[in-house]
Every structure is written in C-alpha cells, then in structure tokens.
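coords-v6.txt (compact mmCIF, C-alpha atoms) appears below.
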```txt
# COMPACT_ATOMS: atom_id res chain seq x y z
CA MET O 232 65.95 30.89 -61.06
CA LEU O 233 67.33 29.86 -57.71
CA SER O 234 69.17 32.13 -55.31
CA GLN O 235 72.79 31.40 -54.38
CA ALA O 236 71.63 30.24 -50.95
CA GLU O 237 69.14 27.81 -52.50
CA GLU O 238 71.81 26.46 -54.83
CA ASN O 239 74.17 25.95 -51.89
CA TYR O 240 71.51 23.93 -50.09
CA LEU O 241 70.89 21.69 -53.09
CA LYS O 242 74.62 21.08 -53.49
CA ALA O 243 74.99 20.29 -49.78
CA ILE O 244 72.12 17.79 -49.89
CA LEU O 245 73.69 16.11 -52.93
CA LYS O 246 77.07 15.87 -51.21
CA LEU O 247 75.61 14.38 -48.02
CA SER O 248 73.37 11.93 -49.89
CA GLN O 249 76.34 10.70 -51.94
CA LYS O 250 78.16 9.90 -48.71
CA ASN O 251 75.44 7.80 -47.08
CA GLY O 252 73.25 6.86 -50.03
CA LYS O 253 69.99 7.91 -48.39
CA SER O 254 68.00 10.91 -47.24
CA VAL O 255 69.84 13.34 -44.99
CA SER O 256 68.87 15.04 -41.76
CA THR O 257 68.39 18.78 -41.32
CA ASN O 258 71.05 18.66 -38.59
CA ALA O 259 73.57 17.23 -41.05
CA ILE O 260 72.72 19.98 -43.54
CA ALA O 261 73.08 22.61 -40.82
CA GLU O 262 76.51 21.26 -39.92
CA GLU O 263 77.60 21.10 -43.56
CA LEU O 264 76.59 24.73 -44.17
CA SER O 265 77.53 26.02 -40.70
CA THR O 266 74.06 27.38 -40.06
CA LYS O 267 71.20 26.90 -37.61
CA ALA O 268 68.85 23.94 -37.81
CA SER O 269 65.89 26.34 -37.73
CA SER O 270 67.23 28.13 -40.82
CA VAL O 271 67.58 24.78 -42.57
CA SER O 272 63.98 23.86 -41.76
CA ASP O 273 62.74 27.13 -43.24
CA MET O 274 64.74 26.58 -46.41
CA MET O 275 63.58 22.96 -46.70
CA LYS O 276 59.96 24.10 -46.69
CA LYS O 277 60.71 26.64 -49.42
CA LEU O 278 62.60 24.14 -51.61
CA SER O 279 59.91 21.52 -51.07
CA GLU O 280 57.20 23.92 -52.20
CA LYS O 281 59.19 24.49 -55.40
CA SER O 282 59.56 20.69 -55.91
CA TRP O 283 63.36 20.72 -55.64
CA ILE O 284 63.37 18.31 -52.68
CA HIS O 285 61.28 15.72 -50.87
CA TYR O 286 60.93 16.85 -47.27
CA VAL O 287 58.91 15.43 -44.39
CA LYS O 288 59.64 16.87 -40.97
CA TYR O 289 61.71 14.51 -38.79
CA GLN O 290 62.09 12.05 -41.70
CA GLY O 291 64.97 13.59 -43.61
CA VAL O 292 65.48 15.26 -46.96
CA SER O 293 66.16 13.92 -50.45
CA LEU O 294 66.44 15.59 -53.84
CA THR O 295 63.74 15.29 -56.46
CA GLU O 296 64.84 14.32 -59.96
CA LYS O 297 65.00 17.95 -61.04
CA GLY O 298 66.68 18.91 -57.76
CA ARG O 299 69.42 16.35 -58.24
CA SER O 300 69.92 17.38 -61.86
CA TYR O 301 70.32 21.00 -60.81
CA ALA O 302 72.70 20.14 -57.95
CA VAL O 303 74.86 18.02 -60.25
CA HIS O 304 75.06 20.95 -62.67
CA ILE O 305 76.34 23.20 -59.86
CA VAL O 306 78.98 20.61 -58.96
CA ARG O 307 79.96 20.38 -62.62
CA LYS O 308 80.48 24.14 -62.84
CA HIS O 309 82.43 24.24 -59.58
CA ARG O 310 84.87 21.53 -60.60
CA LEU O 311 85.36 22.86 -64.12
CA TRP O 312 86.23 26.26 -62.68
CA GLU O 313 88.74 24.62 -60.34
CA VAL O 314 90.44 23.00 -63.34
CA PHE O 315 90.53 26.35 -65.12
CA LEU O 316 91.98 28.17 -62.11
CA VAL O 317 94.75 25.62 -61.61
CA ASN O 318 95.60 24.82 -65.23
CA GLN O 319 95.16 28.23 -66.82
CA LEU O 320 95.73 30.77 -64.03
CA ASN O 321 98.31 28.81 -62.02
CA PHE O 322 96.44 28.82 -58.73
CA LYS O 323 97.51 26.16 -56.24
CA TRP O 324 95.10 23.34 -55.45
CA ASP O 325 94.57 24.70 -51.93
CA GLU O 326 93.53 28.14 -53.26
CA VAL O 327 90.73 27.37 -55.70
CA HIS O 328 87.76 26.11 -53.67
CA ASP O 329 86.50 29.44 -52.36
CA ILE O 330 86.92 31.13 -55.75
CA ALA O 331 85.06 28.30 -57.49
CA GLU O 332 82.30 28.66 -54.88
CA GLN O 333 81.68 32.13 -56.31
CA LEU O 334 82.00 31.16 -59.97
CA GLU O 335 79.69 28.15 -59.71
CA HIS O 336 76.66 30.46 -59.47
CA ILE O 337 77.12 31.89 -62.97
CA LYS O 338 73.99 30.86 -64.86
CA SER O 339 75.14 30.76 -68.51
CA LEU O 340 74.91 27.23 -69.92
CA GLU O 341 76.80 28.34 -73.02
CA LEU O 342 79.72 29.54 -70.90
CA VAL O 343 79.91 26.22 -69.06
CA SER O 344 79.79 24.30 -72.35
CA LYS O 345 82.57 26.41 -73.86
CA LEU O 346 84.62 26.20 -70.66
CA ASP O 347 84.37 22.40 -70.75
CA ALA O 348 85.49 22.31 -74.39
CA PHE O 349 88.31 24.79 -73.75
CA LEU O 350 89.63 22.54 -70.98
CA ASN O 351 89.37 19.50 -73.31
CA PHE O 352 86.51 17.90 -71.35
CA PRO O 353 88.32 16.97 -68.11
CA SER O 354 86.97 14.03 -66.10
CA PHE O 355 88.45 15.02 -62.75
CA ASP O 356 89.20 18.29 -60.95
CA PRO O 357 92.57 19.23 -59.32
CA HIS O 358 91.61 17.31 -56.17
CA GLY O 359 90.68 14.19 -58.13
CA ASP O 360 86.94 14.69 -57.70
CA PRO O 361 84.90 13.42 -60.69
CA ILE O 362 83.38 16.03 -63.00
CA PRO O 363 79.93 15.09 -64.32
CA ASN O 364 79.48 15.53 -68.06
CA ALA O 365 76.78 17.64 -69.71
CA GLU O 366 74.31 14.76 -69.20
CA GLY O 367 75.06 14.68 -65.47
CA ILE O 368 76.95 11.38 -65.56
CA PHE O 369 79.93 11.05 -63.22
CA PRO O 370 83.03 9.18 -64.46
CA LYS O 371 83.74 5.97 -62.57
CA SER O 372 86.79 5.54 -60.38
CA LEU O 373 88.30 2.37 -58.87
CA ALA O 374 90.33 4.33 -56.33
CA ILE O 375 90.59 3.05 -52.76
CA PRO O 376 91.78 4.77 -49.55
CA PHE O 377 95.52 4.61 -48.98
CA SER O 378 94.81 3.24 -45.50
CA GLU O 379 93.26 0.08 -46.97
CA LEU O 380 96.23 -0.93 -49.11
CA PRO O 381 98.24 -4.02 -48.12
CA ILE O 382 101.92 -3.77 -47.26
CA LYS O 383 104.29 -3.63 -50.27
CA SER O 384 101.52 -2.48 -52.59
CA ARG O 385 102.17 0.36 -55.01
CA GLY O 386 99.88 2.91 -56.57
CA LYS O 387 99.40 6.50 -57.59
CA VAL O 388 97.42 9.24 -55.91
CA VAL O 389 94.24 9.96 -57.90
CA ALA O 390 92.17 11.99 -55.42
CA VAL O 391 91.90 13.41 -51.92
CA VAL O 392 88.81 13.13 -49.77
CA MET O 393 89.25 16.51 -48.06
CA ASP O 394 89.93 19.75 -49.91
CA GLU O 395 90.50 21.96 -46.87
CA PRO O 396 93.46 24.28 -47.57
CA SER O 397 95.32 23.24 -44.40
CA PHE O 398 95.18 19.57 -45.42
CA LEU O 399 96.28 20.29 -48.99
CA LYS O 400 99.17 22.45 -47.79
CA TYR O 401 100.25 19.60 -45.49
CA LEU O 402 100.20 17.19 -48.43
CA ASP O 403 102.40 19.61 -50.35
CA LYS O 404 104.95 19.38 -47.53
CA LEU O 405 104.89 15.60 -47.93
CA SER O 406 105.27 15.94 -51.73
CA ILE O 407 101.90 14.24 -52.15
CA SER O 408 99.89 15.47 -55.13
CA ILE O 409 97.62 14.00 -57.79
CA GLY O 410 99.72 11.55 -59.80
CA ALA O 411 102.35 10.99 -57.10
CA GLN O 412 103.53 7.36 -56.90
CA VAL O 413 103.43 5.77 -53.47
CA GLU O 414 104.48 2.46 -51.93
CA ILE O 415 103.63 1.14 -48.47
CA ILE O 416 106.73 -0.13 -46.69
CA GLU O 417 105.39 -0.86 -43.23
CA VAL O 418 102.37 -0.27 -40.99
CA ASN O 419 103.37 0.69 -37.45
CA GLU O 420 101.49 -1.33 -34.85
CA PHE O 421 101.65 1.40 -32.21
CA ASP O 422 99.53 4.01 -33.99
CA ASP O 423 98.68 2.40 -37.37
CA SER O 424 100.78 5.03 -39.13
CA PHE O 425 102.59 4.22 -42.37
CA ASP O 426 106.20 4.16 -43.47
CA VAL O 427 106.01 4.85 -47.18
CA LYS O 428 107.89 5.85 -50.28
CA ILE O 429 106.56 8.86 -52.16
CA ASN O 430 108.01 9.16 -55.65
CA GLY O 431 110.84 6.94 -54.44
CA LYS O 432 111.65 8.94 -51.30
CA GLN O 433 111.14 7.57 -47.76
CA SER O 434 108.40 9.30 -45.75
CA HIS O 435 105.89 8.76 -42.96
CA ILE O 436 102.16 9.50 -42.82
CA SER O 437 99.52 9.14 -40.13
CA LEU O 438 96.42 6.99 -40.35
CA ASP O 439 94.19 10.09 -40.55
CA VAL O 440 96.11 11.36 -43.55
CA ALA O 441 96.08 7.93 -45.21
CA LYS O 442 92.29 7.70 -44.90
CA ASN O 443 91.91 10.90 -46.89
CA ILE O 444 94.12 9.94 -49.85
CA LEU O 445 92.67 7.82 -52.66
CA ILE O 446 94.95 5.48 -54.60
CA SER O 447 94.76 3.63 -57.89
CA LEU O 448 96.88 0.48 -57.76
CA LEU O 449 99.74 0.10 -60.23
```
As structure tokens:
Amino acid sequence: MLSQAEENYLKAILKLSQKNGKSVSTNAIAEELSTKASSVSDMMKKLSEKSWIHYVKYQGVSLTEKGRSYAVHIVRKHRLWEVFLVNQLNFKWDEVHDIAEQLEHIKSLELVSKLDAFLNFPSFDPHGDPIPNAEGIFPKSLAIPFSELPIKSRGKVVAVVMDEPSFLKYLDKLSISIGAQVEIIEVNEFDDSFDVKINGKQSHISLDVAKNILISLL
C-alpha cells in the first residue's frame, strides 16, 4: 500500500515522462508538485527502494513497469471520477480537478470497475484527456493544437491541454467547450492571434489560448 504522497509522486513522474518521453529530473518533479528538491530526493530514494522507480542521482527518474502500471491506475481513477462529477453531479469542468484529486486515492478496485461500467466505459474525461482502460491502455487521439491549423480549416474541440480553473472559466466566456465547432478565419500578423468562428459566431483568441486547445478536423 502506498501513501497518498507516494501516489502523487508516481502520477507526477508519469505526467512529466509523457510530455518529454524520457526520464525526468528531480527539479521538474519539485516544480510539478510545488515542493522542495530535497524533499523530492528523499522520496525518490524511498520509491526506488520499493522498486517503483529507477533513480540514479543526477541522472533523472523513470518509472519501473510496476510503477507505471500503478501510476496509470491512479490517472484512470482520477479521470473516471471527473466524468462522474460532471455527468452525474452537475459540477462544472473547472470545479472537478481538486475533488478528483481526493477521490483518486480510494483503493477499491471493485469500486473503480463498477464506476467505469456505470459511466458506460468513457474514453475521455470532461477536459478531453484519455482515460486508460482496465488494462492500462490509453485510447488514441488524432487531435492537434488549434494554433497549428491552417486558415479556413474547420474542426471541433476534443481536449484542452491545461485544466487550471482560471483557463477553463475563460474558455467558458468564449463559449469554447468540448465538442464546440471552430473555424479559423484569419491569423493576425501582429501578434499571431486568431479571428475565428465558434459554433458559427465570430470571436477572437490569442496564440497562448490556441496552443492549449486540441482540435479534431472535420
């Protein structure tokens, strides 16, 4: 049995390794978890001794096979709970992350299995993040960043890169949500911002926002 802190470290290592495809530094882990590098080093030694990670000082950290499997299971629980909170309890998509952070530490495998079945085996959470199945396999997505679409292209929003509440609330103001249809009208040379149509209505978004919205082409 792992503590909540240990589970959070495994999940953070998985997240960072998925971004860069290689071992991650203790400084990156410290930044991700908003903690001290010295605290990370202590935890890395503990997790290494339990064979959850591969850790060599100054050479980065990677998950062992069992460490990755466990981390994926935590992610699976987190994203299933987010679906439940939004679909069944009517929470908004900017409200569920912190609650799911608490619920993801429930240990019961039977509960997770029944939750998955109750939700009809969803493949993606309310932010469009893929939900691994019971075997730990993530569904594939062909989504690309909004910022990389050519002018006049059309698509629908399938995910967001950031799930910070302030960003999600801002998207709500722009009427951008999962499933929204978008079309690029023009890219402004001055600041690389975008004139767009969102569900048929004219709007404007910055480059930073566009980079954090993932689109599936229509």
Self-check item: Shortest interatomic distance to Glu313 of chain O - which of O:His328, O:Lys276, O:Lys297, O:Lys281, counting all atoms listed in the file
Solution: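 Smallest distance to Glu313 of chain O is found for O:His328.
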Self-check item: Nearest candidate to Asp439 of chain O (options O:Pro376, O:Pro361, O:Gly298, O:Pro396; using only C-alpha atoms)
Solution: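 The closest residue to Asp439 of chain O is O:Pro376.
With atom CA of Ile415 of chain O on one side and atom CA of Arg385 of chain O on the other, the separation reads 6.7 Å.
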Quiz item: Do you have the atom CA of Leu448 of chain O-atom CA of Gln412 of chain O distance handy?
Solution: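 Result for atom CA of Leu448 of chain O versus atom CA of Gln412 of chain O: 9.6 Å, one decimal.
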Practice problem: Have a look at O:His304, O:Tyr401, O:Ile284, O:Asp423 and name the one nearest to Leu340 of chain O; count all atoms listed in the file. | Solution: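 Comparing O:His304, O:Tyr401, O:Ile284, O:Asp423 against Leu340 of chain O, the winner is O:His304.
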Quiz prompt | Given only C-alpha atoms as the counted atoms, nearest of O:Ile375, O:Ile305, O:Leu405, O:Leu320 to Val343 of chain O | solution =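 Checking each candidate against Val343 of chain O, we get O:Ile305 as the closest.
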Quiz prompt | atom CA of Ala331 of chain O to atom CA of Leu311 of chain O, straight-line distance in Å | solution = 8.6 Å
Quiz item: O:Asn364, O:Ser397, O:Gln433, O:Thr295: which is nearest Glu280 of chain O, counting all atoms listed in the file?
Solution: O:Thr295
Self-check item: Which of O:Ala259, O:Ala236, O:Ala411, O:Val440 sits closest to Glu332 of chain O [using only C-alpha atoms]
Solution: O:Ala236
Exercise. Name the residues within 10 Å of (108.2, 5.1, -54.7), counting only C-alpha atoms in the file's coordinates, and put them as a list in words.
Key: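 Looking at atoms near the point gives Arg385, Gly386, Lys387, Ala411, Gln412, Val413, Glu414, Ile415, Ile416, Val427, Lys428, Ile429, Asn430, Gly431, Lys432, Gln433 and Ser434 of chain O.
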Quiz item: Residues at most 10 Å from segment 348-353 of chain O, counting only C-alpha atoms, excluding those fewer than 2 positions away in the same chain, as a ChimeraX atom specification?
Solution: /O:310-312,314-315,318-319,342-346,355-356,361-365
Counting all atoms listed in the file, what is within 12 Å of Ser272 of chain O, bar same-chain residues fewer than 5 positions away, as a PDB file with C-alpha atoms, in the frame of the given file?
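For reference, part_15.pdb as written:
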```
ATOM      1  CA  TYR O 240      71.510  23.930 -50.090  1.00  0.00           C
ATOM      2  CA  SER O 256      68.870  15.040 -41.760  1.00  0.00           C
ATOM      3  CA  THR O 257      68.390  18.780 -41.320  1.00  0.00           C
ATOM      4  CA  ASN O 258      71.050  18.660 -38.590  1.00  0.00           C
ATOM      5  CA  ALA O 259      73.570  17.230 -41.050  1.00  0.00           C
ATOM      6  CA  ILE O 260      72.720  19.980 -43.540  1.00  0.00           C
ATOM      7  CA  ALA O 261      73.080  22.610 -40.820  1.00  0.00           C
ATOM      8  CA  THR O 266      74.060  27.380 -40.060  1.00  0.00           C
ATOM      9  CA  LYS O 267      71.200  26.900 -37.610  1.00  0.00           C
ATOM     10  CA  LYS O 277      60.710  26.640 -49.420  1.00  0.00           C
ATOM     11  CA  LEU O 278      62.600  24.140 -51.610  1.00  0.00           C
ATOM     12  CA  SER O 279      59.910  21.520 -51.070  1.00  0.00           C
ATOM     13  CA  TYR O 286      60.930  16.850 -47.270  1.00  0.00           C
ATOM     14  CA  VAL O 287      58.910  15.430 -44.390  1.00  0.00           C
ATOM     15  CA  LYS O 288      59.640  16.870 -40.970  1.00  0.00           C
ATOM     16  CA  TYR O 289      61.710  14.510 -38.790  1.00  0.00           C
ATOM     17  CA  GLN O 290      62.090  12.050 -41.700  1.00  0.00           C
ATOM     18  CA  GLY O 291      64.970  13.590 -43.610  1.00  0.00           C
ATOM     19  CA  VAL O 292      65.480  15.260 -46.960  1.00  0.00           C
TER      20      VAL O 292
END
```
Coords for segment 360-409 of chain O, N, CA and C atoms, as a PDB file, in the first residue's frame:
```pdb
ATOM      1  N   ASP O 360      -9.099  14.561 -21.791  1.00  0.00           N
ATOM      2  CA  ASP O 360      -7.935  13.716 -21.524  1.00  0.00           C
ATOM      3  C   ASP O 360      -8.322  12.243 -21.645  1.00  0.00           C
ATOM      4  N   PRO O 361      -7.474  11.418 -22.248  1.00  0.00           N
ATOM      5  CA  PRO O 361      -7.802   9.997 -22.442  1.00  0.00           C
ATOM      6  C   PRO O 361      -7.851   9.234 -21.122  1.00  0.00           C
ATOM      7  N   ILE O 362      -8.808   8.346 -21.000  1.00  0.00           N
ATOM      8  CA  ILE O 362      -8.947   7.511 -19.805  1.00  0.00           C
ATOM      9  C   ILE O 362      -8.435   6.111 -20.133  1.00  0.00           C
ATOM     10  N   PRO O 363      -7.386   5.649 -19.477  1.00  0.00           N
ATOM     11  CA  PRO O 363      -6.899   4.290 -19.742  1.00  0.00           C
ATOM     12  C   PRO O 363      -7.932   3.259 -19.307  1.00  0.00           C
ATOM     13  N   ASN O 364      -8.009   2.156 -20.036  1.00  0.00           N
ATOM     14  CA  ASN O 364      -8.949   1.102 -19.661  1.00  0.00           C
ATOM     15  C   ASN O 364      -8.377   0.262 -18.526  1.00  0.00           C
ATOM     16  N   ALA O 365      -9.085  -0.798 -18.161  1.00  0.00           N
ATOM     17  CA  ALA O 365      -8.667  -1.624 -17.032  1.00  0.00           C
ATOM     18  C   ALA O 365      -7.310  -2.281 -17.265  1.00  0.00           C
ATOM     19  N   GLU O 366      -6.916  -2.414 -18.538  1.00  0.00           N
ATOM     20  CA  GLU O 366      -5.598  -2.996 -18.866  1.00  0.00           C
ATOM     21  C   GLU O 366      -4.509  -1.926 -18.940  1.00  0.00           C
ATOM     22  N   GLY O 367      -4.872  -0.679 -18.693  1.00  0.00           N
ATOM     23  CA  GLY O 367      -3.892   0.402 -18.702  1.00  0.00           C
ATOM     24  C   GLY O 367      -3.598   0.971 -20.075  1.00  0.00           C
ATOM     25  N   ILE O 368      -4.443   0.671 -21.054  1.00  0.00           N
ATOM     26  CA  ILE O 368      -4.231   1.154 -22.422  1.00  0.00           C
ATOM     27  C   ILE O 368      -4.996   2.448 -22.641  1.00  0.00           C
ATOM     28  N   PHE O 369      -4.289   3.472 -23.118  1.00  0.00           N
ATOM     29  CA  PHE O 369      -4.905   4.764 -23.389  1.00  0.00           C
ATOM     30  C   PHE O 369      -5.517   4.769 -24.792  1.00  0.00           C
ATOM     31  N   PRO O 370      -6.721   5.329 -24.949  1.00  0.00           N
ATOM     32  CA  PRO O 370      -7.284   5.463 -26.302  1.00  0.00           C
ATOM     33  C   PRO O 370      -6.468   6.448 -27.121  1.00  0.00           C
ATOM     34  N   LYS O 371      -6.384   6.204 -28.420  1.00  0.00           N
ATOM     35  CA  LYS O 371      -5.607   7.073 -29.292  1.00  0.00           C
ATOM     36  C   LYS O 371      -6.425   8.293 -29.715  1.00  0.00           C
ATOM     37  N   SER O 372      -5.726   9.383 -29.944  1.00  0.00           N
ATOM     38  CA  SER O 372      -6.382  10.607 -30.404  1.00  0.00           C
ATOM     39  C   SER O 372      -5.545  11.232 -31.510  1.00  0.00           C
ATOM     40  N   LEU O 373      -6.215  11.726 -32.552  1.00  0.00           N
ATOM     41  CA  LEU O 373      -5.531  12.395 -33.663  1.00  0.00           C
ATOM     42  C   LEU O 373      -5.637  13.911 -33.550  1.00  0.00           C
ATOM     43  N   ALA O 374      -5.965  14.387 -32.363  1.00  0.00           N
ATOM     44  CA  ALA O 374      -6.149  15.823 -32.156  1.00  0.00           C
ATOM     45  C   ALA O 374      -4.844  16.577 -32.321  1.00  0.00           C
ATOM     46  N   ILE O 375      -4.944  17.821 -32.815  1.00  0.00           N
ATOM     47  CA  ILE O 375      -3.782  18.687 -32.980  1.00  0.00           C
ATOM     48  C   ILE O 375      -4.093  20.039 -32.346  1.00  0.00           C
ATOM     49  N   PRO O 376      -3.066  20.789 -31.933  1.00  0.00           N
ATOM     50  CA  PRO O 376      -3.307  22.109 -31.338  1.00  0.00           C
ATOM     51  C   PRO O 376      -4.013  23.047 -32.320  1.00  0.00           C
ATOM     52  N   PHE O 377      -4.928  23.812 -31.817  1.00  0.00           N
ATOM     53  CA  PHE O 377      -5.648  24.802 -32.620  1.00  0.00           C
ATOM     54  C   PHE O 377      -4.669  25.715 -33.350  1.00  0.00           C
ATOM     55  N   SER O 378      -3.575  26.048 -32.678  1.00  0.00           N
ATOM     56  CA  SER O 378      -2.594  27.001 -33.225  1.00  0.00           C
ATOM     57  C   SER O 378      -1.897  26.481 -34.468  1.00  0.00           C
ATOM     58  N   GLU O 379      -1.978  25.170 -34.727  1.00  0.00           N
ATOM     59  CA  GLU O 379      -1.289  24.588 -35.881  1.00  0.00           C
ATOM     60  C   GLU O 379      -2.207  24.379 -37.085  1.00  0.00           C
ATOM     61  N   LEU O 380      -3.459  24.774 -36.956  1.00  0.00           N
ATOM     62  CA  LEU O 380      -4.397  24.586 -38.059  1.00  0.00           C
ATOM     63  C   LEU O 380      -4.189  25.646 -39.140  1.00  0.00           C
ATOM     64  N   PRO O 381      -4.336  25.285 -40.393  1.00  0.00           N
ATOM     65  CA  PRO O 381      -4.250  26.273 -41.479  1.00  0.00           C
ATOM     66  C   PRO O 381      -5.515  27.131 -41.537  1.00  0.00           C
ATOM     67  N   ILE O 382      -5.375  28.294 -42.150  1.00  0.00           N
ATOM     68  CA  ILE O 382      -6.513  29.197 -42.316  1.00  0.00           C
ATOM     69  C   ILE O 382      -7.620  28.497 -43.108  1.00  0.00           C
ATOM     70  N   LYS O 383      -8.860  28.784 -42.719  1.00  0.00           N
ATOM     71  CA  LYS O 383     -10.080  28.253 -43.338  1.00  0.00           C
ATOM     72  C   LYS O 383     -10.385  26.807 -42.925  1.00  0.00           C
ATOM     73  N   SER O 384      -9.538  26.220 -42.098  1.00  0.00           N
ATOM     74  CA  SER O 384      -9.822  24.858 -41.664  1.00  0.00           C
ATOM     75  C   SER O 384     -10.893  24.867 -40.581  1.00  0.00           C
ATOM     76  N   ARG O 385     -11.606  23.751 -40.471  1.00  0.00           N
ATOM     77  CA  ARG O 385     -12.693  23.613 -39.523  1.00  0.00           C
ATOM     78  C   ARG O 385     -12.477  22.350 -38.700  1.00  0.00           C
ATOM     79  N   GLY O 386     -12.925  22.414 -37.454  1.00  0.00           N
ATOM     80  CA  GLY O 386     -12.800  21.250 -36.595  1.00  0.00           C
ATOM     81  C   GLY O 386     -13.657  21.393 -35.356  1.00  0.00           C
ATOM     82  N   LYS O 387     -13.540  20.409 -34.474  1.00  0.00           N
ATOM     83  CA  LYS O 387     -14.251  20.504 -33.207  1.00  0.00           C
ATOM     84  C   LYS O 387     -13.271  20.324 -32.058  1.00  0.00           C
ATOM     85  N   VAL O 388     -13.565  20.982 -30.963  1.00  0.00           N
ATOM     86  CA  VAL O 388     -12.715  20.912 -29.779  1.00  0.00           C
ATOM     87  C   VAL O 388     -12.876  19.538 -29.141  1.00  0.00           C
ATOM     88  N   VAL O 389     -11.752  18.836 -28.938  1.00  0.00           N
ATOM     89  CA  VAL O 389     -11.817  17.499 -28.333  1.00  0.00           C
ATOM     90  C   VAL O 389     -11.078  17.422 -26.996  1.00  0.00           C
ATOM     91  N   ALA O 390     -10.237  18.433 -26.706  1.00  0.00           N
ATOM     92  CA  ALA O 390      -9.497  18.409 -25.443  1.00  0.00           C
ATOM     93  C   ALA O 390      -8.861  19.763 -25.190  1.00  0.00           C
ATOM     94  N   VAL O 391      -8.487  19.986 -23.937  1.00  0.00           N
ATOM     95  CA  VAL O 391      -7.690  21.157 -23.577  1.00  0.00           C
ATOM     96  C   VAL O 391      -6.424  20.669 -22.896  1.00  0.00           C
ATOM     97  N   VAL O 392      -5.332  21.374 -23.137  1.00  0.00           N
ATOM     98  CA  VAL O 392      -4.050  20.970 -22.568  1.00  0.00           C
ATOM     99  C   VAL O 392      -3.980  21.314 -21.087  1.00  0.00           C
ATOM    100  N   MET O 393      -4.484  22.486 -20.716  1.00  0.00           N
ATOM    101  CA  MET O 393      -4.479  22.921 -19.324  1.00  0.00           C
ATOM    102  C   MET O 393      -5.856  22.710 -18.707  1.00  0.00           C
ATOM    103  N   ASP O 394      -5.873  22.303 -17.430  1.00  0.00           N
ATOM    104  CA  ASP O 394      -7.158  22.187 -16.741  1.00  0.00           C
ATOM    105  C   ASP O 394      -7.244  23.114 -15.530  1.00  0.00           C
ATOM    106  N   GLU O 395      -6.406  24.172 -15.522  1.00  0.00           N
ATOM    107  CA  GLU O 395      -6.495  25.155 -14.453  1.00  0.00           C
ATOM    108  C   GLU O 395      -7.858  25.842 -14.497  1.00  0.00           C
ATOM    109  N   PRO O 396      -8.508  26.006 -13.350  1.00  0.00           N
ATOM    110  CA  PRO O 396      -9.844  26.613 -13.326  1.00  0.00           C
ATOM    111  C   PRO O 396      -9.929  27.966 -14.027  1.00  0.00           C
ATOM    112  N   SER O 397      -8.909  28.814 -13.868  1.00  0.00           N
ATOM    113  CA  SER O 397      -8.969  30.140 -14.492  1.00  0.00           C
ATOM    114  C   SER O 397      -9.003  30.039 -16.012  1.00  0.00           C
ATOM    115  N   PHE O 398      -8.267  29.083 -16.577  1.00  0.00           N
ATOM    116  CA  PHE O 398      -8.257  28.889 -18.023  1.00  0.00           C
ATOM    117  C   PHE O 398      -9.606  28.346 -18.504  1.00  0.00           C
ATOM    118  N   LEU O 399     -10.153  27.386 -17.772  1.00  0.00           N
ATOM    119  CA  LEU O 399     -11.426  26.797 -18.162  1.00  0.00           C
ATOM    120  C   LEU O 399     -12.567  27.811 -18.063  1.00  0.00           C
ATOM    121  N   LYS O 400     -12.521  28.656 -17.045  1.00  0.00           N
ATOM    122  CA  LYS O 400     -13.539  29.701 -16.915  1.00  0.00           C
ATOM    123  C   LYS O 400     -13.434  30.693 -18.079  1.00  0.00           C
ATOM    124  N   TYR O 401     -12.201  30.981 -18.499  1.00  0.00           N
ATOM    125  CA  TYR O 401     -12.004  31.887 -19.633  1.00  0.00           C
ATOM    126  C   TYR O 401     -12.570  31.267 -20.912  1.00  0.00           C
ATOM    127  N   LEU O 402     -12.360  29.971 -21.092  1.00  0.00           N
ATOM    128  CA  LEU O 402     -12.921  29.296 -22.260  1.00  0.00           C
ATOM    129  C   LEU O 402     -14.447  29.344 -22.230  1.00  0.00           C
ATOM    130  N   ASP O 403     -15.016  29.227 -21.052  1.00  0.00           N
ATOM    131  CA  ASP O 403     -16.475  29.337 -20.938  1.00  0.00           C
ATOM    132  C   ASP O 403     -16.963  30.689 -21.455  1.00  0.00           C
ATOM    133  N   LYS O 404     -16.213  31.744 -21.146  1.00  0.00           N
ATOM    134  CA  LYS O 404     -16.582  33.078 -21.622  1.00  0.00           C
ATOM    135  C   LYS O 404     -16.545  33.160 -23.148  1.00  0.00           C
ATOM    136  N   LEU O 405     -15.645  32.380 -23.738  1.00  0.00           N
ATOM    137  CA  LEU O 405     -15.520  32.361 -25.196  1.00  0.00           C
ATOM    138  C   LEU O 405     -16.466  31.347 -25.845  1.00  0.00           C
ATOM    139  N   SER O 406     -17.271  30.677 -25.013  1.00  0.00           N
ATOM    140  CA  SER O 406     -18.175  29.611 -25.487  1.00  0.00           C
ATOM    141  C   SER O 406     -17.407  28.446 -26.099  1.00  0.00           C
ATOM    142  N   ILE O 407     -16.204  28.210 -25.590  1.00  0.00           N
ATOM    143  CA  ILE O 407     -15.400  27.080 -26.049  1.00  0.00           C
ATOM    144  C   ILE O 407     -15.506  25.954 -25.032  1.00  0.00           C
ATOM    145  N   SER O 408     -15.996  24.816 -25.471  1.00  0.00           N
ATOM    146  CA  SER O 408     -16.121  23.637 -24.633  1.00  0.00           C
ATOM    147  C   SER O 408     -15.865  22.409 -25.500  1.00  0.00           C
ATOM    148  N   ILE O 409     -15.759  21.248 -24.869  1.00  0.00           N
ATOM    149  CA  ILE O 409     -15.562  20.016 -25.622  1.00  0.00           C
ATOM    150  C   ILE O 409     -16.751  19.827 -26.570  1.00  0.00           C
TER     151      ILE O 409
END
```
